[in-house]
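Q: This structure is in structure tokens; I'll ask about it shortly.
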Amino acid sequence: MMNRPAERIRLMRRSGIREIADLAAGRADVLHLEMGQPDFPTPAHIVEAGCEAALGGFTTYTANKGLLEVRESIAVKLQRTNGITASAKDIVITAGAVNALAETLATLVSPGDVILIPDPGWPNYQMMADVLSVHAVHYPLVAEACYEPDLDRLDELARSSGAKVLMINTPGNPTGAVFSGEMTERLVELAARHGMYLLSDECYEQIVFEGEHVSPASLDGADHVLSVFSMSKSYAMTGWRMGYVTGPSDVIELVAKVQEPLLSCATSISQKAGQAALEGEQTCVEEMTESYRLRRDMVVDILRESGLLISVPRGAFYVMADVSAAGRDSYAFARRLVEERGVAVAPGETFGPSGAGKVRLSLATAAPELREGAERMVRAVADWSGV
Ligand SMILES: Cc1ncc(COP(=O)(O)O)c(C=O)c1O
């Protein structure tokens, strides 16, 4: 028998965001609107705490769940910001939200199980399903309803698929949707009714322009909810790799068990930097969110004027644009936009089938570049329409 890597990994589709980023890399003068990466540096007081931790000897393994004092600080934040009551023992610190989501999924599912993921939604959900050998079924988010889920359809899919986990993401990537409190309540109830865990990706929790982020775990009857948070977006800490997950004690104990073979523990230095972020002044979060809001308004105006706006994002830092006049193949559009107009955007279809004819622009880009990129894209759609 020949040595051969796993077929499912070979067949797994890469994130289209990375595909376009690779195409754009090395080309001079490309405007980068494809990555969900804050363009701000990590605030100085957080970097200083990281340096102090390294110099002060926080350079060893920590407990699987993370340093106790950092988890205690997270517990205070969860109560203050999210209305979630969790003790430090019910928190696992991870290498970013992506690691928390993957480890929690690995804890909840067995190969062959079904999970429900949003369409459009972050491509990594599908990739996690592929890695874990589970079947991901898309449930629709409705553009005309500010990208909230179609509950009747979701109910039907939960029944017909027998899914074990419902994944939700609000504020949402790539939609910018912020689910209402009522919608969140209904999702908590729907998941419970179908015997599903609700895995809630709240990595954009602090980036909200309108409405209010409601954490499902803060609601009544939420003992089937696992909540995942990230330091990456709120504090511009993507490279530090720190996130955390909280939920029912029995599940969290198992997530900590999974942490040992997959990660052992989150980086000790980053944990201390994260603690400083959570305990320090929160004005940096407000200032960055305000910048994203101004950029959102600018891009929304440009897209609205040219008829490409789909829905006004109420949170996170993305805007979807309807480029279907130039064709349904969003990958072809995104590639051509890099090659001929020097603008990189994320192809809509990487977020699911509903992304055909759409692209995602990231607001985590400096305003002048963002304006120029959006305007070039609008001109490209006009030039390529009906050609
Ligand atoms: C919806 C969503 N969840 C999770 C993540 C992962 O964030 P982290 O850097 O914490 O792993 C991202 C990053 O882009 C995201 O968009």
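By convention here, the chains of the structure tokens are called A, B, ... in the order presented, each chain's residues are numbered starting at 1, and ligands are numbered starting at 1 in the order presented.
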Write out as JSON lines a residue-level contact list of region 118-154 of chain A versus region 345-348 of chain A with cut-off 12 Å: for each qualifying residue the closest pair of atoms and the distance in Å to one decimal, counting only C-alpha atoms, rows sorted by chain and residue number upward.
A:
{"residue": "A:Asp119", "atom": "CA", "partner": "A:Gly348", "partner_atom": "CA", "distance": 10.3}
{"residue": "A:Pro120", "atom": "CA", "partner": "A:Gly348", "partner_atom": "CA", "distance": 8.0}
{"residue": "A:Gly121", "atom": "CA", "partner": "A:Gly348", "partner_atom": "CA", "distance": 9.7}
{"residue": "A:Trp122", "atom": "CA", "partner": "A:Gly348", "partner_atom": "CA", "distance": 10.5}
{"residue": "A:Pro123", "atom": "CA", "partner": "A:Gly348", "partner_atom": "CA", "distance": 10.3}
Q: Counting only C-alpha atoms, which residues of region 140-207 of chain A sit at most 10 Å from some atom of region 358-364 of chain A, and what is each one's closest atom pair with its distance in Å to one decimal, listed by chain and rising residue number, as JSON lines?
A:
{"residue": "A:Asn173", "atom": "CA", "partner": "A:Arg360", "partner_atom": "CA", "distance": 9.2}
{"residue": "A:Pro174", "atom": "CA", "partner": "A:Arg360", "partner_atom": "CA", "distance": 6.5}
{"residue": "A:Thr175", "atom": "CA", "partner": "A:Arg360", "partner_atom": "CA", "distance": 8.3}
Q: Taking only C-alpha atoms and all ligand atoms into account, report as a VMD selection string which residues have an atom no farther than 9 Å from an atom of ligand 1.
A: chain A and resid 35 to 37 94 to 101 121 to 125 169 to 174 201 to 204 228 to 233 237 to 244 316
Q: Rounded to one decimal place, report the CA of Leu23 (chain A)-CA of Val338 (chain A) distance in Å.
A: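 Interatomic distance here is 7.6 Å.
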Q: What is the CA of Ile269 (chain A) to CA of Pro43 (chain A) distance in Å?
A: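 Going from CA of Ile269 (chain A) over to CA of Pro43 (chain A), I get 15.6 Å.
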Q: Taking only region 126-300 of chain A into account, list the residues labelled strand (DSSP E or B) by DSSP (computed from the backbone), as a VMD selection string.
A: chain A and resid 135 to 142 148 to 149 165 to 169 197 to 201 208 225 to 230 243 to 246
Q: Can you tell me, as a PyMOL selection string, which residues in region 99-337 of chain A count as helix (DSSP H, G or I) by DSSP?
A: chain A and resi 99-108+123-132+143-145+151-161+181-193+216-218+238-240+249-262+268-279+283-305+324-326+330-337
Q: Could you save those same residues with C-alpha atoms as a short mmCIF file (atom, residue, chain, number, x, y, z; two decimals), in the first residue's frame?
A:
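Printed below is result38.cif as written:
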data_model
loop_
_atom_site.label_atom_id
_atom_site.label_comp_id
_atom_site.auth_asym_id
_atom_site.auth_seq_id
_atom_site.Cartn_x
_atom_site.Cartn_y
_atom_site.Cartn_z
CA ASN A 99 -8.74 27.10 18.45
CA ALA A 100 -11.58 27.40 20.98
CA LEU A 101 -14.17 26.64 18.29
CA ALA A 102 -12.24 23.67 16.89
CA GLU A 103 -11.54 22.15 20.31
CA THR A 104 -15.11 22.64 21.46
CA LEU A 105 -16.45 21.07 18.27
CA ALA A 106 -14.00 18.18 18.68
CA THR A 107 -15.41 17.72 22.19
CA LEU A 108 -19.04 17.74 21.07
CA PRO A 123 -15.20 29.56 5.88
CA ASN A 124 -13.29 28.01 8.77
CA TYR A 125 -16.51 26.41 10.10
CA GLN A 126 -16.71 24.22 6.99
CA MET A 127 -12.99 23.47 7.21
CA MET A 128 -13.32 22.44 10.88
CA ALA A 129 -16.13 20.09 9.88
CA ASP A 130 -13.88 18.60 7.18
CA VAL A 131 -10.99 18.11 9.60
CA LEU A 132 -13.27 16.45 12.17
CA ALA A 143 -30.10 39.36 3.32
CA GLU A 144 -33.47 41.15 3.31
CA ALA A 145 -33.77 40.55 7.07
CA LEU A 151 -36.06 30.37 11.78
CA ASP A 152 -38.63 28.19 9.99
CA ARG A 153 -35.99 26.88 7.62
CA LEU A 154 -33.56 26.39 10.50
CA ASP A 155 -36.21 24.45 12.42
CA GLU A 156 -36.82 22.20 9.41
CA LEU A 157 -33.09 21.62 8.87
CA ALA A 158 -32.53 20.80 12.55
CA ARG A 159 -35.31 18.22 12.36
CA SER A 160 -34.31 16.65 9.04
CA SER A 161 -30.55 16.57 9.67
CA GLY A 181 -32.12 39.88 21.66
CA GLU A 182 -35.38 38.25 20.61
CA MET A 183 -33.70 36.33 17.77
CA THR A 184 -30.98 35.15 20.16
CA GLU A 185 -33.64 33.97 22.63
CA ARG A 186 -35.39 32.02 19.90
CA LEU A 187 -32.13 30.41 18.79
CA VAL A 188 -31.39 29.31 22.36
CA GLU A 189 -34.88 27.82 22.56
CA LEU A 190 -34.70 26.20 19.10
CA ALA A 191 -31.39 24.50 19.87
CA ALA A 192 -32.73 23.18 23.19
CA ARG A 193 -35.92 21.90 21.55
CA PRO A 216 -26.98 33.63 24.39
CA ALA A 217 -25.42 32.24 27.58
CA SER A 218 -26.76 35.23 29.52
CA THR A 238 -4.54 38.82 16.18
CA GLY A 239 -0.90 37.67 16.36
CA TRP A 240 -0.95 37.07 20.10
CA SER A 249 -18.81 22.42 33.56
CA ASP A 250 -19.01 18.88 32.16
CA VAL A 251 -18.26 20.05 28.61
CA ILE A 252 -15.55 22.52 29.67
CA GLU A 253 -13.72 19.75 31.57
CA LEU A 254 -13.65 17.76 28.32
CA VAL A 255 -12.49 20.77 26.28
CA ALA A 256 -9.58 21.10 28.74
CA LYS A 257 -8.85 17.42 28.15
CA VAL A 258 -8.79 17.96 24.36
CA GLN A 259 -6.51 20.96 24.91
CA GLU A 260 -3.70 18.67 26.16
CA PRO A 261 -3.00 16.75 22.92
CA LEU A 262 -3.85 19.65 20.59
CA SER A 268 1.77 32.09 28.75
CA ILE A 269 3.05 35.52 27.65
CA SER A 270 -0.10 36.20 25.64
CA GLN A 271 -2.27 35.18 28.57
CA LYS A 272 -0.62 37.86 30.73
CA ALA A 273 -0.97 40.45 27.95
CA GLY A 274 -4.62 39.47 27.63
CA GLN A 275 -5.13 39.93 31.35
CA ALA A 276 -3.80 43.48 31.05
CA ALA A 277 -6.17 44.10 28.14
CA LEU A 278 -9.19 42.92 30.11
CA GLU A 279 -8.28 44.75 33.33
CA THR A 283 -11.10 53.37 25.68
CA CYS A 284 -8.87 51.70 23.06
CA VAL A 285 -11.75 49.37 22.17
CA GLU A 286 -14.16 52.29 21.86
CA GLU A 287 -11.73 54.28 19.70
CA MET A 288 -11.12 51.44 17.27
CA THR A 289 -14.84 50.70 17.03
CA GLU A 290 -15.49 54.37 16.28
CA SER A 291 -12.99 54.22 13.40
CA TYR A 292 -14.70 51.14 12.00
CA ARG A 293 -18.03 52.94 12.24
CA LEU A 294 -16.76 55.94 10.24
CA ARG A 295 -15.33 53.62 7.60
CA ARG A 296 -18.58 51.64 7.52
CA ASP A 297 -20.53 54.83 6.86
CA MET A 298 -18.16 55.82 4.06
CA VAL A 299 -18.31 52.44 2.27
CA VAL A 300 -22.07 52.12 2.77
CA ASP A 301 -22.51 55.52 1.04
CA ILE A 302 -20.32 54.48 -1.90
CA LEU A 303 -22.12 51.16 -2.33
CA ARG A 304 -25.58 52.61 -1.85
CA GLU A 305 -25.01 55.28 -4.49
CA SER A 324 -23.69 40.11 -9.70
CA ALA A 325 -24.08 42.58 -12.59
CA ALA A 326 -20.51 41.58 -13.49
CA SER A 330 -17.35 35.61 -7.22
CA TYR A 331 -13.93 33.90 -7.40
CA ALA A 332 -13.51 34.94 -11.05
CA PHE A 333 -14.57 38.50 -10.15
CA ALA A 334 -12.17 38.70 -7.18
CA ARG A 335 -9.24 37.37 -9.21
CA ARG A 336 -9.91 39.76 -12.09
CA LEU A 337 -10.23 42.65 -9.65
#
Q: Take CA of Pro118 (chain A) and CA of Pro149 (chain A) and report the distance between them in Å, one decimal.
A: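 Between these atoms lies a distance of 8.0 Å.
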Q: Please list as a PyMOL selection string every residue within 12 Å of Leu31 (chain A), counting only C-alpha atoms and excluding residues in the same chain fewer than 3 positions away.
A: chain A and resi 20-21+24-28+34-35+337-339+341-345+361-362+365-377
Q: Grab the residues selected above and save them as an mmCIF file, in the first residue's frame with N, CA and C atoms.
A:
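Result saved to again.cif:
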data_model
loop_
_atom_site.group_PDB
_atom_site.id
_atom_site.type_symbol
_atom_site.label_atom_id
_atom_site.label_comp_id
_atom_site.auth_asym_id
_atom_site.auth_seq_id
_atom_site.Cartn_x
_atom_site.Cartn_y
_atom_site.Cartn_z
ATOM 1 N N ILE A 20 -7.091 34.654 -2.389
ATOM 2 C CA ILE A 20 -6.974 35.976 -3.021
ATOM 3 C C ILE A 20 -5.777 36.731 -2.415
ATOM 4 N N ALA A 21 -5.570 36.573 -1.107
ATOM 5 C CA ALA A 21 -4.432 37.243 -0.465
ATOM 6 C C ALA A 21 -3.123 36.753 -1.092
ATOM 7 N N ALA A 24 -2.652 38.285 -4.439
ATOM 8 C CA ALA A 24 -2.317 39.715 -4.348
ATOM 9 C C ALA A 24 -0.907 39.939 -3.778
ATOM 10 N N ALA A 25 -0.430 38.949 -3.001
ATOM 11 C CA ALA A 25 0.888 39.121 -2.342
ATOM 12 C C ALA A 25 1.965 39.280 -3.402
ATOM 13 N N GLY A 26 2.852 40.182 -3.156
ATOM 14 C CA GLY A 26 3.965 40.349 -4.092
ATOM 15 C C GLY A 26 3.639 41.303 -5.221
ATOM 16 N N ARG A 27 2.361 41.649 -5.419
ATOM 17 C CA ARG A 27 2.028 42.644 -6.441
ATOM 18 C C ARG A 27 2.066 44.015 -5.788
ATOM 19 N N ALA A 28 2.796 44.896 -6.386
ATOM 20 C CA ALA A 28 2.877 46.240 -5.815
ATOM 21 C C ALA A 28 1.538 46.941 -6.058
ATOM 22 N N GLU A 34 -9.222 42.486 1.724
ATOM 23 C CA GLU A 34 -9.672 41.095 1.829
ATOM 24 C C GLU A 34 -9.555 40.511 3.239
ATOM 25 N N MET A 35 -8.621 41.019 4.054
ATOM 26 C CA MET A 35 -8.338 40.353 5.338
ATOM 27 C C MET A 35 -9.089 40.966 6.515
ATOM 28 N N LEU A 337 -10.354 41.355 -10.316
ATOM 29 C CA LEU A 337 -10.231 42.653 -9.647
ATOM 30 C C LEU A 337 -8.789 42.879 -9.169
ATOM 31 N N VAL A 338 -8.155 41.809 -8.689
ATOM 32 C CA VAL A 338 -6.741 41.924 -8.297
ATOM 33 C C VAL A 338 -5.897 42.208 -9.538
ATOM 34 N N GLU A 339 -6.119 41.394 -10.556
ATOM 35 C CA GLU A 339 -5.224 41.449 -11.727
ATOM 36 C C GLU A 339 -5.383 42.725 -12.539
ATOM 37 N N ARG A 341 -7.490 45.619 -11.622
ATOM 38 C CA ARG A 341 -7.761 46.888 -10.943
ATOM 39 C C ARG A 341 -6.957 47.064 -9.657
ATOM 40 N N GLY A 342 -6.178 46.065 -9.299
ATOM 41 C CA GLY A 342 -5.320 46.194 -8.115
ATOM 42 C C GLY A 342 -6.082 46.326 -6.810
ATOM 43 N N VAL A 343 -7.184 45.577 -6.689
ATOM 44 C CA VAL A 343 -7.942 45.589 -5.429
ATOM 45 C C VAL A 343 -8.223 44.148 -5.012
ATOM 46 N N ALA A 344 -7.897 43.810 -3.767
ATOM 47 C CA ALA A 344 -8.167 42.465 -3.253
ATOM 48 C C ALA A 344 -9.396 42.506 -2.347
ATOM 49 N N VAL A 345 -10.389 41.662 -2.661
ATOM 50 C CA VAL A 345 -11.585 41.512 -1.820
ATOM 51 C C VAL A 345 -11.820 40.017 -1.625
ATOM 52 N N LEU A 361 -15.979 43.215 1.641
ATOM 53 C CA LEU A 361 -14.926 44.219 1.836
ATOM 54 C C LEU A 361 -14.648 44.323 3.336
ATOM 55 N N SER A 362 -13.376 44.378 3.706
ATOM 56 C CA SER A 362 -13.038 44.505 5.117
ATOM 57 C C SER A 362 -12.824 45.977 5.473
ATOM 58 N N THR A 365 -9.187 48.437 7.244
ATOM 59 C CA THR A 365 -8.227 48.979 6.278
ATOM 60 C C THR A 365 -8.285 50.497 6.416
ATOM 61 N N ALA A 366 -7.152 51.173 6.309
ATOM 62 C CA ALA A 366 -7.137 52.632 6.485
ATOM 63 C C ALA A 366 -8.106 53.308 5.509
ATOM 64 N N ALA A 367 -8.761 54.378 5.977
ATOM 65 C CA ALA A 367 -9.864 54.996 5.218
ATOM 66 C C ALA A 367 -9.518 55.387 3.776
ATOM 67 N N PRO A 368 -8.366 56.032 3.504
ATOM 68 C CA PRO A 368 -8.101 56.443 2.116
ATOM 69 C C PRO A 368 -7.991 55.243 1.169
ATOM 70 N N GLU A 369 -7.350 54.182 1.655
ATOM 71 C CA GLU A 369 -7.193 52.965 0.867
ATOM 72 C C GLU A 369 -8.556 52.296 0.644
ATOM 73 N N LEU A 370 -9.340 52.328 1.689
ATOM 74 C CA LEU A 370 -10.666 51.715 1.629
ATOM 75 C C LEU A 370 -11.552 52.436 0.619
ATOM 76 N N ARG A 371 -11.522 53.775 0.656
ATOM 77 C CA ARG A 371 -12.323 54.564 -0.283
ATOM 78 C C ARG A 371 -11.896 54.268 -1.717
ATOM 79 N N GLU A 372 -10.589 54.325 -1.940
ATOM 80 C CA GLU A 372 -10.068 54.103 -3.290
ATOM 81 C C GLU A 372 -10.417 52.682 -3.776
ATOM 82 N N GLY A 373 -10.261 51.708 -2.882
ATOM 83 C CA GLY A 373 -10.558 50.315 -3.241
ATOM 84 C C GLY A 373 -12.027 50.136 -3.592
ATOM 85 N N ALA A 374 -12.910 50.699 -2.756
ATOM 86 C CA ALA A 374 -14.359 50.557 -2.994
ATOM 87 C C ALA A 374 -14.735 51.247 -4.307
ATOM 88 N N GLU A 375 -14.143 52.412 -4.557
ATOM 89 C CA GLU A 375 -14.486 53.137 -5.790
ATOM 90 C C GLU A 375 -13.985 52.399 -7.036
ATOM 91 N N ARG A 376 -12.780 51.847 -6.932
ATOM 92 C CA ARG A 376 -12.270 51.065 -8.077
ATOM 93 C C ARG A 376 -13.171 49.863 -8.349
ATOM 94 N N MET A 377 -13.646 49.239 -7.262
ATOM 95 C CA MET A 377 -14.513 48.065 -7.441
ATOM 96 C C MET A 377 -15.835 48.456 -8.102
#
Q: Using only C-alpha atoms, which residue out of A:Gly280, A:Gly307, A:Thr246, A:Glu340 lies closest to Ala49 (chain A)?
A: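 Looking at the shortest contact to Ala49 (chain A), the residue is A:Gly280.
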